[in-house]
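K.L.:
Pasting a structure below so you can have a look.
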Amino acid sequence: MDLDWKNLGFTVRKTDYNVRCVYQDGKWGARETSTDDHLSIHIGATCLHYGQESFEGLKAYRGADNRIRLFRPWENARRMIRSARGILLAEPPEELFLEAVEKVVLLNSKYVPPYGTGATLYIRPLLIGTGPEVGVRPSKEYTFLVFVMPVGPYFKEGFKPVNMLICRDHDRAAPLGTGHLKVGGNYAASMSSVSDAHEKGYATAMYLDAIEKKYIDECGPANFFGIRDNTYITPASRSILPSITNKSLQVLADSFGMKVEQRKVPVEELAQFEEAGACGTAAVISPIGKVVDEEMDRVYSFGDGVNPGPVITRLYQTLTGIQNGDLEDTFDWTKILE
Ligand SMILES: Cc1ncc(COP(=O)(O)O)c(C=O)c1O
């Protein structure tokens, strides 16, 4: 495969196959392989009108041993089931999810980037209501599909500090809404504020709690964490998507002998953090250089703004080391595809 692996960016790119499965008459049908990257669906499909959809994002990594690894794919399967329950989609069984993911990666294995390029194969499972309804009610038919594409880092800076803009005039999720689920509506709700942050030169928007605007929620499509006094601190909030990367970093921080706290994080506490980062499958860890609170006229800076701090660097190297197979997988997080 002849691609410029080091400069892929995070964009859609055609690969050879996707895997699909349709839910009809109360049951999931046979898994099918397709070479078509289009779908033909009814114009009244509930995913089109009422946002009845959920997606996932995970990656396949090629190791120095040339083997392909998935990172905690069962966590994505369970999160999709939780999302499905939350907005009344048919639930894809965990085995269907995992088999479809493995199959589509193996079918497109030539697109799994070579070891050492920093690129990975991004896997996008999607679950949509494909039956027509004109009243607001759940579809009777669903399509689950998985497609893949090789990608570089989500934030173009890669593993370099990025700057974030605190958003005070917009919320991505309501306190008792769907922020904890991976459903399309949350992302639609974030587009204008993220685009505003981009236009002002920031990597993304940092959201605060919707009630008091006092506590940190999320950083665009990533969870926030801060490091102070040998402690890994990350916000607890019902409107945050529970990140699999964050969950893994908490385990790693604990294994380094650090304390781990998941609790409300007041915005002003940013001044006390020695290091701060945004984490997620796509972003991996993006160290944060600066958080700007325009309305409060405050700027919070971390480190020298050019180099990631020592704790974040250690977390990053350990996480990516396990994902690539360079480090022993002592937590049983990876699944090797043969
Ligand atoms: C809103 C949001 N927060 C956090 C994350 C990070 O989650 P994960 O580490 O499971 O990719 C994502 C990406 O999935 C996201 O979309």
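Each chain in the structure tokens gets a letter, A, B and so on, in the order shown; residues start at 1 in every chain, and ligands are counted from 1 in the order they appear.
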If we count only C-alpha atoms, what is near Pro242 of chain A at a cut-off of 10 Å, once residues fewer than 3 positions away on the same chain are taken out, given as a ChimeraX atom specification?

P.N.:
/A:79,179-182,222-223,236-239,245-247,280

K.L.:
I want to know what sits within 7 Å of Asp217 of chain A, based on only C-alpha atoms, with residues of the same chain fewer than 4 positions away left out; could you give that as a PyMOL selection string?

P.N.:
chain A and resi 207-209+235+237+240

K.L.:
Using DSSP on the backbone coordinates, identify the residues of segment 184-322 of chain A assigned to strand (DSSP E or B); present them as a PyMOL selection string.

P.N.:
chain A and resi 204-208+215-219+222-228+231-235+259-263+266+275-280+284-293+298-301

K.L.:
For the selection you just gave me, I'd like the residues written to a file as a short mmCIF file (atom, residue, chain, number, x, y, z; two decimals), in the first residue's frame, keeping N, CA and C atoms.

P.N.:
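As a result, selection15.cif now contains:
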```
data_model
loop_
_atom_site.label_atom_id
_atom_site.label_comp_id
_atom_site.auth_asym_id
_atom_site.auth_seq_id
_atom_site.Cartn_x
_atom_site.Cartn_y
_atom_site.Cartn_z
N THR A 204 -9.64 23.31 20.31
CA THR A 204 -11.04 22.97 20.52
C THR A 204 -11.64 23.80 21.67
N ALA A 205 -12.91 23.56 21.95
CA ALA A 205 -13.61 24.29 23.01
C ALA A 205 -13.61 23.45 24.28
N MET A 206 -13.47 24.12 25.44
CA MET A 206 -13.60 23.41 26.71
C MET A 206 -14.96 23.76 27.29
N TYR A 207 -15.79 22.74 27.56
CA TYR A 207 -17.14 22.97 28.09
C TYR A 207 -17.16 22.95 29.61
N LEU A 208 -18.07 23.73 30.17
CA LEU A 208 -18.25 23.75 31.63
C LEU A 208 -19.60 23.12 31.96
N TYR A 215 -17.68 24.19 36.83
CA TYR A 215 -16.83 23.01 36.80
C TYR A 215 -16.50 22.62 35.36
N ILE A 216 -15.32 21.99 35.20
CA ILE A 216 -14.91 21.56 33.85
C ILE A 216 -15.69 20.31 33.45
N ASP A 217 -16.18 20.30 32.22
CA ASP A 217 -16.87 19.11 31.69
C ASP A 217 -15.92 18.39 30.72
N GLU A 218 -15.96 18.77 29.43
CA GLU A 218 -15.14 18.07 28.44
C GLU A 218 -14.39 19.02 27.52
N CYS A 219 -13.42 18.50 26.79
CA CYS A 219 -12.66 19.29 25.81
C CYS A 219 -13.03 18.78 24.43
N ALA A 222 -12.95 15.02 23.65
CA ALA A 222 -11.97 14.36 24.52
C ALA A 222 -12.27 14.70 25.98
N ASN A 223 -11.82 13.84 26.90
CA ASN A 223 -11.96 14.09 28.35
C ASN A 223 -10.78 14.94 28.83
N PHE A 224 -11.01 15.70 29.87
CA PHE A 224 -9.95 16.52 30.47
C PHE A 224 -9.34 15.78 31.66
N PHE A 225 -8.03 15.96 31.85
CA PHE A 225 -7.41 15.54 33.13
C PHE A 225 -6.28 16.51 33.47
N GLY A 226 -6.02 16.63 34.76
CA GLY A 226 -4.94 17.50 35.22
C GLY A 226 -4.06 16.74 36.20
N ILE A 227 -2.83 17.18 36.34
CA ILE A 227 -1.87 16.54 37.25
C ILE A 227 -1.41 17.57 38.27
N ARG A 228 -1.56 17.23 39.54
CA ARG A 228 -0.97 18.07 40.59
C ARG A 228 -0.64 17.22 41.82
N THR A 231 -1.00 13.55 41.71
CA THR A 231 -2.38 13.07 41.61
C THR A 231 -2.92 13.30 40.20
N TYR A 232 -3.62 12.31 39.70
CA TYR A 232 -4.30 12.39 38.39
C TYR A 232 -5.75 12.76 38.70
N ILE A 233 -6.18 13.92 38.20
CA ILE A 233 -7.53 14.42 38.54
C ILE A 233 -8.34 14.59 37.26
N THR A 234 -9.55 14.04 37.27
CA THR A 234 -10.40 14.14 36.07
C THR A 234 -11.84 14.40 36.50
N PRO A 235 -12.59 15.20 35.76
CA PRO A 235 -13.94 15.57 36.20
C PRO A 235 -14.91 14.39 36.29
N LYS A 259 -1.95 9.16 43.02
CA LYS A 259 -3.34 9.09 43.49
C LYS A 259 -4.24 9.40 42.29
N VAL A 260 -5.44 8.88 42.28
CA VAL A 260 -6.37 9.15 41.19
C VAL A 260 -7.66 9.71 41.79
N GLU A 261 -8.10 10.85 41.30
CA GLU A 261 -9.35 11.44 41.79
C GLU A 261 -10.28 11.72 40.62
N GLN A 262 -11.52 11.25 40.72
CA GLN A 262 -12.55 11.60 39.74
C GLN A 262 -13.61 12.35 40.52
N ARG A 263 -13.68 13.66 40.30
CA ARG A 263 -14.54 14.52 41.12
C ARG A 263 -14.80 15.80 40.33
N PRO A 266 -13.28 22.49 39.71
CA PRO A 266 -13.61 23.90 39.45
C PRO A 266 -12.64 24.51 38.43
N GLU A 275 0.38 20.00 35.11
CA GLU A 275 0.23 19.58 33.71
C GLU A 275 -1.26 19.36 33.46
N ALA A 276 -1.67 19.48 32.21
CA ALA A 276 -3.07 19.21 31.87
C ALA A 276 -3.11 18.59 30.48
N GLY A 277 -4.14 17.76 30.26
CA GLY A 277 -4.22 17.10 28.97
C GLY A 277 -5.66 16.79 28.59
N ALA A 278 -5.87 16.51 27.31
CA ALA A 278 -7.16 16.05 26.79
C ALA A 278 -6.90 14.65 26.24
N CYS A 279 -7.79 13.70 26.55
CA CYS A 279 -7.52 12.33 26.12
C CYS A 279 -8.72 11.71 25.43
N GLY A 280 -8.43 10.85 24.48
CA GLY A 280 -9.47 10.13 23.75
C GLY A 280 -8.79 9.25 22.70
N VAL A 284 -5.57 10.59 21.46
CA VAL A 284 -4.64 9.86 22.34
C VAL A 284 -4.49 10.71 23.61
N ILE A 285 -3.31 11.40 23.78
CA ILE A 285 -3.26 12.45 24.79
C ILE A 285 -2.78 13.69 24.06
N SER A 286 -3.54 14.77 24.19
CA SER A 286 -3.05 16.06 23.72
C SER A 286 -2.70 16.86 24.95
N PRO A 287 -1.40 17.13 25.14
CA PRO A 287 -1.04 17.99 26.26
C PRO A 287 -1.66 19.37 26.03
N ILE A 288 -2.07 20.03 27.12
CA ILE A 288 -2.65 21.37 26.96
C ILE A 288 -1.59 22.40 27.35
N GLY A 289 -1.37 23.35 26.45
CA GLY A 289 -0.40 24.43 26.72
C GLY A 289 -1.07 25.56 27.49
N LYS A 290 -2.26 25.94 27.00
CA LYS A 290 -2.97 27.08 27.60
C LYS A 290 -4.47 26.85 27.55
N VAL A 291 -5.17 27.28 28.60
CA VAL A 291 -6.64 27.34 28.54
C VAL A 291 -7.00 28.81 28.71
N VAL A 292 -7.77 29.34 27.77
CA VAL A 292 -8.11 30.76 27.80
C VAL A 292 -9.58 30.92 28.17
N ASP A 293 -9.83 31.73 29.20
CA ASP A 293 -11.19 32.06 29.63
C ASP A 293 -11.41 33.53 29.29
N ARG A 298 -8.99 35.44 31.93
CA ARG A 298 -7.93 34.67 32.58
C ARG A 298 -7.31 33.70 31.58
N VAL A 299 -5.99 33.51 31.75
CA VAL A 299 -5.28 32.52 30.94
C VAL A 299 -4.57 31.57 31.90
N TYR A 300 -4.79 30.28 31.72
CA TYR A 300 -4.11 29.27 32.54
C TYR A 300 -3.05 28.61 31.66
N SER A 301 -1.79 28.62 32.09
CA SER A 301 -0.71 28.04 31.27
C SER A 301 -0.09 26.85 31.98
#
```

K.L.:
Extract, using only C-alpha atoms, all DNA, RNA and protein residues at most 6 Å from segment 114-116 of chain A, discarding same-chain residues fewer than 4 positions from it, and format them as a PDB file with C-alpha atoms, in the first residue's frame.

P.N.:
```pdb
ATOM      1  CA  ARG A  62       0.437  -2.480  13.848  1.00  0.00           C
ATOM      2  CA  GLY A  63       3.280  -3.585  16.088  1.00  0.00           C
ATOM      3  CA  ALA A  64       7.012  -3.985  15.449  1.00  0.00           C
TER       4      ALA A  64
END
```

K.L.:
Between atom CA of Arg78 of chain A and atom CA of Ile128 of chain A, what is the distance, to one decimal in Å?

P.N.:
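Between these atoms lies a distance of 16.5 Å.
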
K.L.:
Using only C-alpha atoms and all ligand atoms, pick whichever of A:Thr334, A:Thr313, A:Ser243, A:Gln323 has the shortest atom-to-atom distance to ligand 1.

P.N.:
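Nearest to ligand 1: A:Ser243.
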
K.L.:
Got a sec to tell me which of segment 75-169 of chain A DSSP assigns to helix (DSSP H, G or I), as a ChimeraX atom specification?

P.N.:
/A:75-86,94-107,109-111

K.L.:
Which one is closest to ligand 1: A:Asn324, A:Thr318, A:Asn186, A:Thr117? Count only C-alpha atoms and all ligand atoms.

P.N.:
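Closest to ligand 1, using only C-alpha atoms and all ligand atoms: A:Asn186.
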
K.L.:
So which one's closest to ligand 1, A:Ser255, A:Asn76, A:Asn163, A:Thr130? Using only C-alpha atoms and all ligand atoms, please.

P.N.:
A:Asn76

K.L.:
Which residues are close to Ala45 of chain A, i.e. within 9 Å by only C-alpha atoms, leaving aside same-chain residues fewer than 2 positions away? Reply as an MDAnalysis selection string.

P.N.:
chainID A and resid 41:43 47:50 52 128:134 139 141

K.L.:
Go ahead and write the residues just picked, N, CA and C atoms, as a PDB file, in the first residue's frame.

P.N.:
```pdb
ATOM      1  N   ILE A  41     -31.119   4.178   1.975  1.00  0.00           N
ATOM      2  CA  ILE A  41     -32.098   4.044   3.060  1.00  0.00           C
ATOM      3  C   ILE A  41     -33.347   4.864   2.760  1.00  0.00           C
ATOM      4  N   HIS A  42     -34.420   4.536   3.454  1.00  0.00           N
ATOM      5  CA  HIS A  42     -35.690   5.234   3.273  1.00  0.00           C
ATOM      6  C   HIS A  42     -35.557   6.702   3.672  1.00  0.00           C
ATOM      7  N   ILE A  43     -36.178   7.577   2.907  1.00  0.00           N
ATOM      8  CA  ILE A  43     -36.048   9.011   3.217  1.00  0.00           C
ATOM      9  C   ILE A  43     -36.720   9.391   4.537  1.00  0.00           C
ATOM     10  N   CYS A  47     -32.951   7.929  11.728  1.00  0.00           N
ATOM     11  CA  CYS A  47     -31.617   8.519  11.951  1.00  0.00           C
ATOM     12  C   CYS A  47     -31.525   9.874  11.252  1.00  0.00           C
ATOM     13  N   LEU A  48     -32.232  10.014  10.148  1.00  0.00           N
ATOM     14  CA  LEU A  48     -32.151  11.269   9.382  1.00  0.00           C
ATOM     15  C   LEU A  48     -32.963  12.377  10.039  1.00  0.00           C
ATOM     16  N   HIS A  49     -34.091  12.002  10.635  1.00  0.00           N
ATOM     17  CA  HIS A  49     -35.005  13.026  11.154  1.00  0.00           C
ATOM     18  C   HIS A  49     -34.820  13.317  12.628  1.00  0.00           C
ATOM     19  N   TYR A  50     -34.635  12.248  13.403  1.00  0.00           N
ATOM     20  CA  TYR A  50     -34.666  12.410  14.861  1.00  0.00           C
ATOM     21  C   TYR A  50     -33.354  12.042  15.532  1.00  0.00           C
ATOM     22  N   GLN A  52     -31.669   9.392  15.528  1.00  0.00           N
ATOM     23  CA  GLN A  52     -31.633   8.084  16.183  1.00  0.00           C
ATOM     24  C   GLN A  52     -30.404   7.333  15.685  1.00  0.00           C
ATOM     25  N   ILE A 128     -27.696   2.894  13.202  1.00  0.00           N
ATOM     26  CA  ILE A 128     -28.686   3.902  12.816  1.00  0.00           C
ATOM     27  C   ILE A 128     -30.088   3.313  12.667  1.00  0.00           C
ATOM     28  N   GLY A 129     -31.062   4.131  12.999  1.00  0.00           N
ATOM     29  CA  GLY A 129     -32.451   3.753  12.769  1.00  0.00           C
ATOM     30  C   GLY A 129     -32.734   3.946  11.289  1.00  0.00           C
ATOM     31  N   THR A 130     -33.019   2.838  10.572  1.00  0.00           N
ATOM     32  CA  THR A 130     -33.209   2.950   9.123  1.00  0.00           C
ATOM     33  C   THR A 130     -34.665   2.755   8.703  1.00  0.00           C
ATOM     34  N   GLY A 131     -35.528   2.485   9.680  1.00  0.00           N
ATOM     35  CA  GLY A 131     -36.940   2.353   9.335  1.00  0.00           C
ATOM     36  C   GLY A 131     -37.610   3.733   9.312  1.00  0.00           C
ATOM     37  N   PRO A 132     -38.656   3.899   8.473  1.00  0.00           N
ATOM     38  CA  PRO A 132     -39.305   5.209   8.388  1.00  0.00           C
ATOM     39  C   PRO A 132     -40.322   5.435   9.498  1.00  0.00           C
ATOM     40  N   GLU A 133     -40.307   6.611  10.071  1.00  0.00           N
ATOM     41  CA  GLU A 133     -41.347   7.033  11.029  1.00  0.00           C
ATOM     42  C   GLU A 133     -41.504   8.527  10.814  1.00  0.00           C
ATOM     43  N   VAL A 134     -42.733   8.996  10.804  1.00  0.00           N
ATOM     44  CA  VAL A 134     -42.874  10.443  10.690  1.00  0.00           C
ATOM     45  C   VAL A 134     -43.258  11.049  12.037  1.00  0.00           C
ATOM     46  N   SER A 139     -37.433   3.708  15.543  1.00  0.00           N
ATOM     47  CA  SER A 139     -37.549   2.901  14.329  1.00  0.00           C
ATOM     48  C   SER A 139     -37.777   1.429  14.682  1.00  0.00           C
ATOM     49  N   GLU A 141     -36.588  -0.717  12.387  1.00  0.00           N
ATOM     50  CA  GLU A 141     -35.475  -1.332  11.656  1.00  0.00           C
ATOM     51  C   GLU A 141     -34.175  -0.560  11.919  1.00  0.00           C
TER      52      GLU A 141
END
```

K.L.:
Can you measure atom CA of Met1 of chain A to atom CA of Glu56 of chain A for me? One decimal in Å is fine.

P.N.:
26.0 Å
